[in-house]
>>> print(open('work-v1.cif').read())   # mmCIF, C-alpha atoms
data_my_file
loop_
_atom_site.label_atom_id
_atom_site.label_comp_id
_atom_site.auth_asym_id
_atom_site.auth_seq_id
_atom_site.Cartn_x
_atom_site.Cartn_y
_atom_site.Cartn_z
CA MET A 1 86.94 -51.80 -53.94
CA TYR A 2 89.56 -53.26 -56.23
CA GLU A 3 91.05 -51.73 -59.35
CA PRO A 4 92.85 -54.33 -61.48
CA GLU A 5 96.32 -53.32 -62.54
CA VAL A 6 97.04 -52.93 -66.24
CA VAL A 7 100.40 -54.65 -66.70
CA THR A 8 102.32 -56.36 -69.45
CA ASP A 9 104.62 -58.70 -67.50
CA ASP A 10 105.53 -59.75 -63.95
CA SER A 11 108.24 -57.11 -63.62
CA GLU A 12 105.52 -54.43 -63.73
CA ARG A 13 103.21 -56.11 -61.23
CA THR A 14 103.06 -55.21 -57.55
CA ALA A 15 104.09 -57.82 -54.97
CA PHE A 16 100.44 -58.36 -54.08
CA ARG A 17 99.46 -58.88 -57.71
CA ARG A 18 102.29 -61.37 -58.25
CA ALA A 19 101.05 -63.36 -55.26
CA GLU A 20 97.50 -63.32 -56.62
CA LYS A 21 98.75 -64.65 -59.93
CA LYS A 22 100.85 -67.32 -58.19
CA TYR A 23 97.88 -68.85 -56.35
CA LYS A 24 95.09 -68.22 -58.86
CA LEU A 25 93.46 -71.19 -60.56
CA TYR A 26 94.90 -71.85 -64.02
CA TYR A 27 94.43 -74.88 -66.24
CA ASP A 28 96.88 -76.92 -68.26
CA GLN A 29 95.36 -78.24 -71.48
CA ASN A 30 95.98 -81.93 -71.98
CA PRO A 31 98.27 -82.05 -75.04
CA LYS A 32 97.17 -85.57 -76.00
CA SER A 33 93.57 -84.71 -76.77
CA SER A 34 91.52 -81.53 -76.86
CA LYS A 35 88.57 -83.59 -75.61
CA MET A 36 90.31 -84.51 -72.36
CA LYS A 37 89.24 -82.61 -69.26
CA LYS A 38 91.48 -79.66 -68.43
CA GLN A 39 93.64 -80.19 -65.37
CA PRO A 40 94.29 -77.50 -62.73
CA ARG A 41 97.87 -76.29 -62.93
CA PRO A 42 99.87 -77.46 -59.87
CA ILE A 43 100.91 -74.71 -57.45
CA ASP A 44 103.54 -74.51 -54.73
CA LEU A 45 101.80 -74.29 -51.34
CA SER A 46 104.94 -74.55 -49.21
CA GLU A 47 104.79 -70.89 -48.13
CA VAL A 48 101.12 -70.96 -47.12
CA ILE A 49 100.55 -70.71 -43.35
CA ASP A 50 98.34 -73.51 -42.05
CA PHE A 51 96.88 -72.48 -38.70
CA LYS A 52 95.19 -75.87 -38.30
CA VAL A 53 98.60 -77.55 -38.34
CA ILE A 54 99.94 -74.86 -35.98
CA GLN A 55 97.03 -75.43 -33.61
CA ASP A 56 97.53 -79.21 -33.64
CA SER A 57 101.25 -78.76 -32.90
CA PHE A 58 100.49 -76.29 -30.12
CA HIS A 59 98.08 -78.75 -28.48
CA ARG A 60 100.62 -81.59 -28.73
CA ASN A 61 103.79 -79.90 -27.48
CA SER A 62 103.06 -76.14 -27.07
CA GLU A 63 105.33 -75.35 -30.02
CA ILE A 64 104.55 -72.54 -32.45
CA PRO A 65 106.58 -71.32 -35.46
CA PRO A 66 108.56 -68.06 -35.39
CA GLY A 67 106.47 -64.95 -35.99
CA VAL A 68 103.27 -66.47 -34.60
CA ILE A 69 101.85 -65.39 -31.22
CA VAL A 70 99.34 -67.36 -29.15
CA LEU A 71 96.67 -65.36 -27.35
CA ARG A 72 94.87 -67.08 -24.49
CA TRP A 73 91.16 -66.31 -24.43
CA ASP A 74 88.04 -67.80 -22.91
CA PHE A 75 87.47 -69.94 -26.00
CA ASP A 76 87.98 -73.68 -26.22
CA ARG A 77 90.87 -73.05 -28.61
CA PRO A 78 93.81 -70.64 -28.95
CA VAL A 79 93.74 -67.38 -30.90
CA PHE A 80 96.75 -66.81 -33.16
CA CYS A 81 98.33 -63.47 -34.14
CA LEU A 82 101.22 -62.49 -36.41
CA GLU A 83 104.08 -60.40 -35.02
CA ASN A 84 104.39 -58.32 -38.18
CA ARG A 85 100.66 -57.67 -38.56
CA PRO A 86 99.28 -56.05 -35.37
CA GLY A 87 95.50 -56.21 -35.18
CA PHE A 88 95.21 -59.49 -37.10
CA TYR A 89 93.70 -62.50 -35.29
CA PHE A 90 93.05 -66.03 -36.58
CA ILE A 91 90.76 -68.48 -34.73
CA PRO A 92 90.88 -71.87 -36.47
CA GLY A 93 87.74 -74.00 -36.27
CA ALA A 94 85.97 -71.39 -34.13
CA ILE A 95 82.50 -72.28 -35.42
CA SER A 96 81.14 -75.79 -34.82
CA VAL A 97 80.08 -77.97 -37.73
CA GLU A 98 76.42 -77.68 -36.66
CA GLU A 99 76.69 -73.87 -36.65
CA GLN A 100 78.45 -73.88 -40.02
CA CYS A 101 75.57 -75.82 -41.59
CA HIS A 102 73.06 -73.45 -40.02
CA TRP A 103 74.78 -70.38 -41.46
CA ILE A 104 75.15 -72.04 -44.87
CA ARG A 105 71.38 -72.51 -44.94
CA GLU A 106 70.75 -68.96 -43.77
CA SER A 107 73.22 -67.53 -46.31
CA LEU A 108 71.38 -69.19 -49.18
CA THR A 109 67.75 -68.78 -48.13
CA ILE A 110 67.40 -65.82 -45.73
CA PHE A 111 70.31 -63.43 -46.27
CA PRO A 112 69.60 -62.70 -49.98
CA GLN A 113 65.93 -61.91 -49.27
CA PRO A 114 64.64 -58.33 -49.77
CA PRO A 115 65.04 -55.75 -48.35
CA ASN A 116 68.62 -57.07 -48.21
CA ARG A 117 70.31 -56.21 -51.47
CA THR A 118 72.39 -58.47 -53.74
CA ASN A 119 74.46 -58.02 -56.87
CA HIS A 120 71.32 -59.01 -58.84
CA ASN A 121 69.40 -55.88 -57.77
CA ALA A 122 71.02 -53.66 -60.40
CA ILE A 123 69.65 -55.82 -63.23
CA TYR A 124 66.58 -57.61 -61.90
CA GLY A 125 65.49 -55.58 -58.90
CA PRO A 126 64.80 -57.41 -55.62
CA ILE A 127 64.42 -61.17 -56.10
CA THR A 128 62.48 -63.24 -53.59
CA ASN A 129 63.13 -66.93 -52.81
CA LEU A 130 65.95 -67.44 -55.30
CA PHE A 131 67.27 -70.58 -53.64
CA VAL A 132 63.81 -72.17 -53.51
CA ALA A 133 63.23 -71.29 -57.16
CA SER A 134 66.55 -72.86 -58.10
CA ARG A 135 65.70 -76.03 -56.19
CA GLU A 136 62.33 -76.19 -57.98
CA ARG A 137 64.02 -75.59 -61.37
CA LYS A 138 62.11 -72.36 -61.96
CA VAL A 139 62.97 -69.75 -64.57
CA LEU A 140 63.01 -65.97 -64.07
CA VAL A 141 61.06 -64.31 -66.89
CA GLU A 142 61.17 -60.68 -67.96
CA GLU A 143 58.08 -58.99 -69.36
CA ASP A 144 57.20 -55.45 -70.35
CA ILE A 145 54.48 -54.36 -67.92
CA SER A 146 52.79 -52.28 -70.58
CA CYS A 147 52.29 -55.42 -72.68
CA ALA A 148 51.14 -57.60 -69.81
CA ASP A 149 47.60 -58.69 -69.19
CA GLU A 150 46.47 -58.02 -65.62
CA ASP A 151 45.06 -61.53 -65.41
CA SER A 152 48.49 -62.97 -66.20
CA VAL A 153 49.96 -61.70 -62.92
CA SER A 154 50.32 -64.75 -60.70
CA SER A 155 51.51 -65.59 -57.20
CA SER A 156 54.97 -66.12 -58.68
CA PHE A 157 55.28 -62.34 -59.09
CA VAL A 158 58.72 -61.20 -57.96
CA SER A 159 59.12 -57.50 -58.62
CA SER A 160 58.59 -54.54 -60.91
CA PHE A 161 61.85 -52.89 -61.84
CA ASP A 162 62.66 -50.28 -64.45
CA GLY A 163 59.37 -50.78 -66.30
CA LEU A 164 59.65 -54.57 -66.36
CA ARG A 165 57.92 -57.32 -64.47
CA TRP A 166 59.96 -60.30 -63.33
CA THR A 167 58.32 -63.59 -62.42
CA PHE A 168 59.45 -67.08 -61.56
CA CYS A 169 57.59 -69.68 -63.55
CA GLU A 170 57.90 -73.29 -64.62
CA GLU A 171 60.45 -73.80 -67.36
CA THR A 172 57.82 -75.28 -69.67
CA GLY A 173 55.72 -72.13 -69.36
CA THR A 174 58.25 -69.75 -70.88
CA ALA A 175 57.64 -70.76 -74.50
CA SER A 176 54.03 -69.57 -74.43
CA ARG A 177 55.14 -66.04 -73.60
CA GLY A 178 56.56 -65.50 -77.07
CA ASN A 179 59.10 -62.84 -77.97
CA ARG A 180 57.95 -60.44 -75.30
CA SER A 181 60.01 -62.18 -72.64
CA LYS A 182 63.56 -63.07 -71.84
CA SER A 183 64.34 -65.78 -69.32
CA ILE A 184 67.16 -67.09 -67.18
CA PRO A 185 67.14 -70.25 -65.04
CA ALA A 186 67.07 -69.61 -61.29
CA SER A 187 69.96 -72.09 -60.94
CA VAL A 188 72.12 -69.82 -63.12
CA LEU A 189 71.16 -66.77 -61.07
CA LEU A 190 72.07 -68.64 -57.89
CA ARG A 191 75.50 -69.48 -59.25
CA LYS A 192 75.93 -65.83 -60.25
CA LEU A 193 75.05 -64.62 -56.75
CA ARG A 194 78.20 -62.85 -55.57
CA TRP A 195 77.13 -60.85 -52.52
CA SER A 196 74.27 -59.90 -50.26
CA THR A 197 74.19 -57.19 -47.59
CA LEU A 198 72.72 -57.46 -44.09
CA GLY A 199 71.86 -54.69 -41.65
CA LEU A 200 72.86 -51.24 -42.85
CA GLN A 201 73.10 -51.42 -46.63
CA PHE A 202 76.37 -50.64 -48.40
CA ASP A 203 76.08 -48.58 -51.60
CA TRP A 204 78.80 -49.97 -53.88
CA SER A 205 78.48 -47.16 -56.42
CA LYS A 206 79.00 -44.41 -53.81
CA ARG A 207 81.25 -46.50 -51.53
CA ASN A 208 79.40 -45.67 -48.35
CA TYR A 209 76.60 -46.91 -46.12
CA ASP A 210 73.22 -45.54 -47.13
CA VAL A 211 71.22 -45.42 -43.88
CA SER A 212 68.12 -44.37 -45.82
CA LEU A 213 67.81 -47.73 -47.59
CA PRO A 214 65.30 -50.18 -46.11
CA HIS A 215 66.97 -52.95 -44.15
CA ASN A 216 66.49 -55.54 -41.46
CA ASN A 217 68.75 -55.70 -38.44
CA ILE A 218 71.42 -58.40 -38.44
CA PRO A 219 69.79 -61.58 -37.04
CA ASP A 220 70.29 -61.71 -33.29
CA ALA A 221 71.98 -65.13 -33.30
CA LEU A 222 74.54 -63.90 -35.85
CA ALA A 223 75.06 -60.66 -33.89
CA GLN A 224 75.70 -62.58 -30.67
CA LEU A 225 78.18 -64.89 -32.40
CA ALA A 226 80.00 -61.89 -33.89
CA LYS A 227 80.20 -60.19 -30.49
CA LYS A 228 81.72 -63.31 -28.96
CA MET A 229 84.24 -63.80 -31.76
CA ALA A 230 85.22 -60.09 -31.85
CA ALA A 231 86.12 -59.92 -28.17
CA PRO A 232 89.89 -60.65 -28.49
CA ALA A 233 90.31 -57.69 -30.87
CA MET A 234 88.13 -55.15 -29.05
CA PRO A 235 89.49 -52.18 -27.06
CA LEU A 236 89.43 -52.88 -23.31
CA GLY A 237 85.98 -52.58 -21.77
CA GLN A 238 84.11 -52.20 -25.09
CA GLU A 239 81.69 -54.57 -26.81
CA PHE A 240 81.42 -55.05 -30.56
CA GLN A 241 78.20 -53.66 -32.09
CA PRO A 242 77.27 -55.56 -35.29
CA GLU A 243 75.55 -53.08 -37.60
CA ALA A 244 76.24 -54.35 -41.13
CA ALA A 245 77.49 -57.43 -42.90
CA ILE A 246 78.49 -58.40 -46.41
CA VAL A 247 78.09 -62.02 -47.44
CA ASN A 248 80.38 -63.07 -50.31
CA TYR A 249 79.67 -66.15 -52.44
CA PHE A 250 82.53 -67.85 -54.30
CA GLY A 251 82.33 -70.53 -56.99
CA LEU A 252 84.95 -72.35 -59.03
CA GLY A 253 87.55 -69.87 -60.29
CA ASP A 254 86.10 -66.91 -58.37
CA THR A 255 88.50 -64.55 -56.61
CA LEU A 256 88.37 -61.48 -54.40
CA GLY A 257 91.02 -59.01 -55.51
CA GLY A 258 93.30 -57.14 -53.12
CA HIS A 259 91.42 -54.35 -51.34
CA LEU A 260 90.94 -52.40 -48.12
CA ASP A 261 87.78 -52.34 -45.99
CA ASP A 262 87.90 -48.67 -45.10
CA MET A 263 84.33 -47.36 -45.06
CA GLU A 264 83.67 -47.82 -41.33
CA ALA A 265 84.13 -44.90 -38.92
CA ASP A 266 86.32 -46.52 -36.27
CA TRP A 267 89.06 -48.88 -37.43
CA SER A 268 89.89 -49.90 -33.88
CA LYS A 269 86.77 -52.07 -34.10
CA PRO A 270 87.38 -55.34 -35.94
CA ILE A 271 85.81 -56.81 -39.01
CA VAL A 272 84.65 -60.31 -38.04
CA SER A 273 85.08 -62.67 -41.00
CA MET A 274 83.55 -66.17 -40.93
CA SER A 275 84.45 -68.82 -43.54
CA LEU A 276 82.02 -71.52 -44.68
CA GLY A 277 82.45 -74.24 -47.30
CA CYS A 278 85.45 -75.01 -49.47
CA LYS A 279 88.99 -74.27 -48.32
CA ALA A 280 90.57 -71.09 -49.69
CA ILE A 281 93.83 -69.17 -49.76
CA PHE A 282 93.75 -65.78 -48.06
CA LEU A 283 96.42 -63.16 -48.76
CA LEU A 284 97.26 -60.69 -46.01
CA GLY A 285 99.44 -57.89 -47.32
CA GLY A 286 100.75 -54.63 -45.89
CA LYS A 287 99.81 -50.99 -46.21
CA SER A 288 101.15 -50.90 -49.77
CA ARG A 289 100.47 -53.23 -52.67
CA GLN A 290 104.26 -53.46 -52.96
CA ASP A 291 104.44 -55.25 -49.59
CA LEU A 292 104.82 -59.01 -50.00
CA PRO A 293 101.59 -60.64 -48.72
CA GLN A 294 101.46 -63.66 -46.45
CA PRO A 295 99.29 -66.50 -47.80
CA MET A 296 97.30 -68.67 -45.39
CA PHE A 297 94.61 -71.34 -45.63
CA LEU A 298 91.02 -70.56 -44.66
CA ARG A 299 88.80 -73.53 -43.84
CA SER A 300 85.14 -73.84 -43.09
CA GLY A 301 84.57 -72.68 -39.51
CA ASP A 302 87.64 -70.43 -39.31
CA VAL A 303 87.22 -66.86 -38.07
CA VAL A 304 89.52 -63.94 -38.91
CA LEU A 305 89.52 -60.59 -37.10
CA MET A 306 91.09 -57.47 -38.58
CA ALA A 307 91.32 -54.37 -36.37
CA GLY A 308 93.56 -51.35 -35.90
CA GLU A 309 96.66 -51.45 -38.09
CA ALA A 310 95.45 -54.61 -39.83
CA ARG A 311 92.52 -52.59 -41.21
CA GLU A 312 95.09 -50.70 -43.30
CA CYS A 313 96.44 -53.89 -44.88
CA PHE A 314 95.51 -55.03 -48.37
CA HIS A 315 93.94 -58.48 -48.42
CA GLY A 316 92.14 -60.78 -50.82
CA VAL A 317 91.24 -64.34 -51.81
CA PRO A 318 92.97 -65.55 -55.00
CA ARG A 319 91.86 -69.19 -54.84
CA ILE A 320 89.25 -71.57 -53.51
CA PHE A 321 89.67 -75.34 -53.73
CA THR A 322 86.58 -77.11 -55.04
CA ASP A 323 88.13 -80.47 -55.90
CA GLU A 324 87.36 -83.35 -53.55
CA GLU A 325 91.01 -83.84 -52.57
CA ASN A 326 91.62 -80.27 -51.38
CA SER A 327 88.24 -78.72 -50.54
CA GLU A 328 88.12 -80.45 -47.10
CA MET A 329 84.33 -80.64 -47.10
CA THR A 330 84.13 -84.05 -45.42
CA PRO A 331 83.15 -82.76 -41.93
CA LEU A 332 80.06 -81.00 -43.33
CA GLU A 333 78.70 -83.89 -45.38
CA PRO A 334 77.15 -86.00 -42.54
CA GLN A 335 75.37 -82.89 -41.22
CA LEU A 336 73.88 -82.15 -44.65
CA SER A 337 72.99 -85.72 -45.61
CA HIS A 338 69.27 -85.47 -44.80
CA PRO A 339 67.13 -85.35 -47.96
CA ASP A 340 65.98 -81.82 -47.07
CA ASP A 341 69.60 -80.68 -46.95
CA ILE A 342 71.01 -82.29 -50.10
CA CYS A 343 70.41 -79.08 -52.07
CA TYR A 344 72.63 -77.18 -49.62
CA LEU A 345 75.32 -79.84 -49.81
CA GLU A 346 75.29 -79.80 -53.61
CA TYR A 347 75.83 -76.04 -53.57
CA ILE A 348 78.50 -75.82 -50.88
CA ARG A 349 80.57 -78.75 -52.21
CA ASN A 350 81.72 -76.40 -54.97
CA SER A 351 81.47 -73.06 -53.18
CA ARG A 352 82.72 -70.90 -50.37
CA ILE A 353 80.67 -68.40 -48.36
CA ASN A 354 82.26 -65.62 -46.34
CA ILE A 355 80.23 -63.59 -43.83
CA ASN A 356 82.06 -60.45 -42.70
CA ILE A 357 80.40 -58.38 -40.00
CA ARG A 358 81.18 -54.76 -39.24
CA GLN A 359 80.53 -52.04 -36.67
CA VAL A 360 79.80 -49.05 -38.92
CA PHE A 361 79.77 -46.16 -36.43
#
>>> encode(input="work-v1.cif", output="structure tokens")
Amino acid sequence: MYEPEVVTDDSERTAFRRAEKKYKLYYDQNPKSSKMKKQPRPIDLSEVIDFKVIQDSFHRNSEIPPGVIVLRWDFDRPVFCLENRPGFYFIPGAISVEEQCHWIRESLTIFPQPPNRTNHNAIYGPITNLFVASRERKVLVEEDISCADEDSVSSSFVSSFDGLRWTFCEETGTASRGNRSKSIPASVLLRKLRWSTLGLQFDWSKRNYDVSLPHNNIPDALAQLAKKMAAPAMPLGQEFQPEAAIVNYFGLGDTLGGHLDDMEADWSKPIVSMSLGCKAIFLLGGKSRQDLPQPMFLRSGDVVLMAGEARECFHGVPRIFTDEENSEMTPLEPQLSHPDDICYLEYIRNSRININIRQVF
């Protein structure tokens, strides 16, 4: 979806690439001691649109900044649009804190489950119960099936893929397997989880939806939420039909490069994008990478809709904020304070999850 530009200096970069570089996380090494913790390089955020501030101002005195349009809808909050980007809609705080916590749990435990595919499939095949295995400090072990003893197959069996058997086992049990096996902690695999696909499965190598791949329908509760959120961007008299979704997982330093979402048949139907977890910067560009993009903050619970002309605009995420001062995770913490939820809180404190739902046909 995104081809990085090969450049030698800023004068050869596109406007979009310069903006990505401006907001990306860089570190300044402490000159006093190499042992001191690296500090994030300060960045200028004065040009970043903050729709939460705009919403608060609108509620106080009905004032909005130039270039921003308020759309009245049957929500409990306004929907904002940009004059120079038709088809773009921003709904700040559209998803309640309780719903956010629910979808964080689902994104970590249910959405990556087979037959849904993840970025791990290409190497490990389908992996079951990754989040549970991470919580239990399990290790994923690779074994050659031809060398395996039938009696050694246990209930921790995960999958056979490309002539190998992959199992989750206790960390202490990996040493007895000798040189036949390679292993990787489930916690590392969880942190390397970058995407999972719901509903119709997207084939990244062919850049299309492969309707022949096994899949489950998008969960009904998520489909109903997407239909409700999509309504302001839908053509008159039509209802959004959620058929596929891609869930993106971001950790410290992760980015999503400038790209177009152009594999769906009808661009008049919006992509419904839900943000969960740490605050991020979203870049909304134009139809060319040379168009100067508009940066804006995305917070947990925000919903973005992109339909029509906005579907032709390059967009990306150059930065998420995982530090306590800027991540703005405080509202989620009381809801995830129960002992059963601490594992979710530990993950999302340093992560962002984006669920984007599409009508394919």
>>> atom_distance(input="work-v1.cif", atom1="atom CA of A:Cys101", atom2="atom CA of A:Leu225")
14.5 Å
>>> residues_near_point(input="work-v1.cif", point="(89.0, -49.8, -32.5)", cutoff="6 Å", atoms="only C-alpha atoms", output="PDB file with C-alpha atoms, keeping the file's coordinate frame")
ATOM      1  CA  PRO A 235      89.490 -52.180 -27.060  1.00  0.00           C
ATOM      2  CA  ASP A 266      86.320 -46.520 -36.270  1.00  0.00           C
ATOM      3  CA  TRP A 267      89.060 -48.880 -37.430  1.00  0.00           C
ATOM      4  CA  SER A 268      89.890 -49.900 -33.880  1.00  0.00           C
ATOM      5  CA  LYS A 269      86.770 -52.070 -34.100  1.00  0.00           C
ATOM      6  CA  GLY A 308      93.560 -51.350 -35.900  1.00  0.00           C
TER       7      GLY A 308
END
>>> atom_distance(input="work-v1.cif", atom1="atom CA of A:Glu47", atom2="atom CA of A:Pro295")
7.0 Å
>>> resolve_selection(input="work-v1.cif", expression="the PyMOL selection byres ((chain A and resi 136) around 10)", output="count of residues only")
14
>>> closest_residue(input="work-v1.cif", among="A:Gly253, A:Pro86, A:Pro242, A:Pro339", to="A:Gln224", atoms="all atoms listed in the file")
A:Pro242
>>> atom_distance(input="work-v1.cif", atom1="atom CA of A:His59", atom2="atom CA of A:Leu82")
18.4 Å
>>> residues_around(input="work-v1.cif", residues="A:Trp204", least_positions_apart="5", cutoff="12 Å", atoms="only C-alpha atoms", output="ChimeraX atom specification")
/A:1-2,117-119,121-122,195-197,209-210,246,263
>>> resolve_selection(input="work-v1.cif", expression="the PyMOL selection byres ((chain A and resi 227) around 12)", output="PyMOL selection string")
chain A and resi 218+220-226+228-234+238-243+269-273+305+357-359
>>> resolve_selection(input="work-v1.cif", expression="the PyMOL selection byres ((chain A and resi 352) around 12)", output="PyMOL selection string")
chain A and resi 100+103-104+107-108+191+193-195+247-256+274-281+298-301+317+319-322+327-329+344-345+347-351+353-355
>>> residues_near_point(input="work-v1.cif", point="(100.4, -59.8, -50.6)", cutoff="10 Å", atoms="all atoms listed in the file", output="ChimeraX atom specification")
/A:14-20,258,282-295,313-316
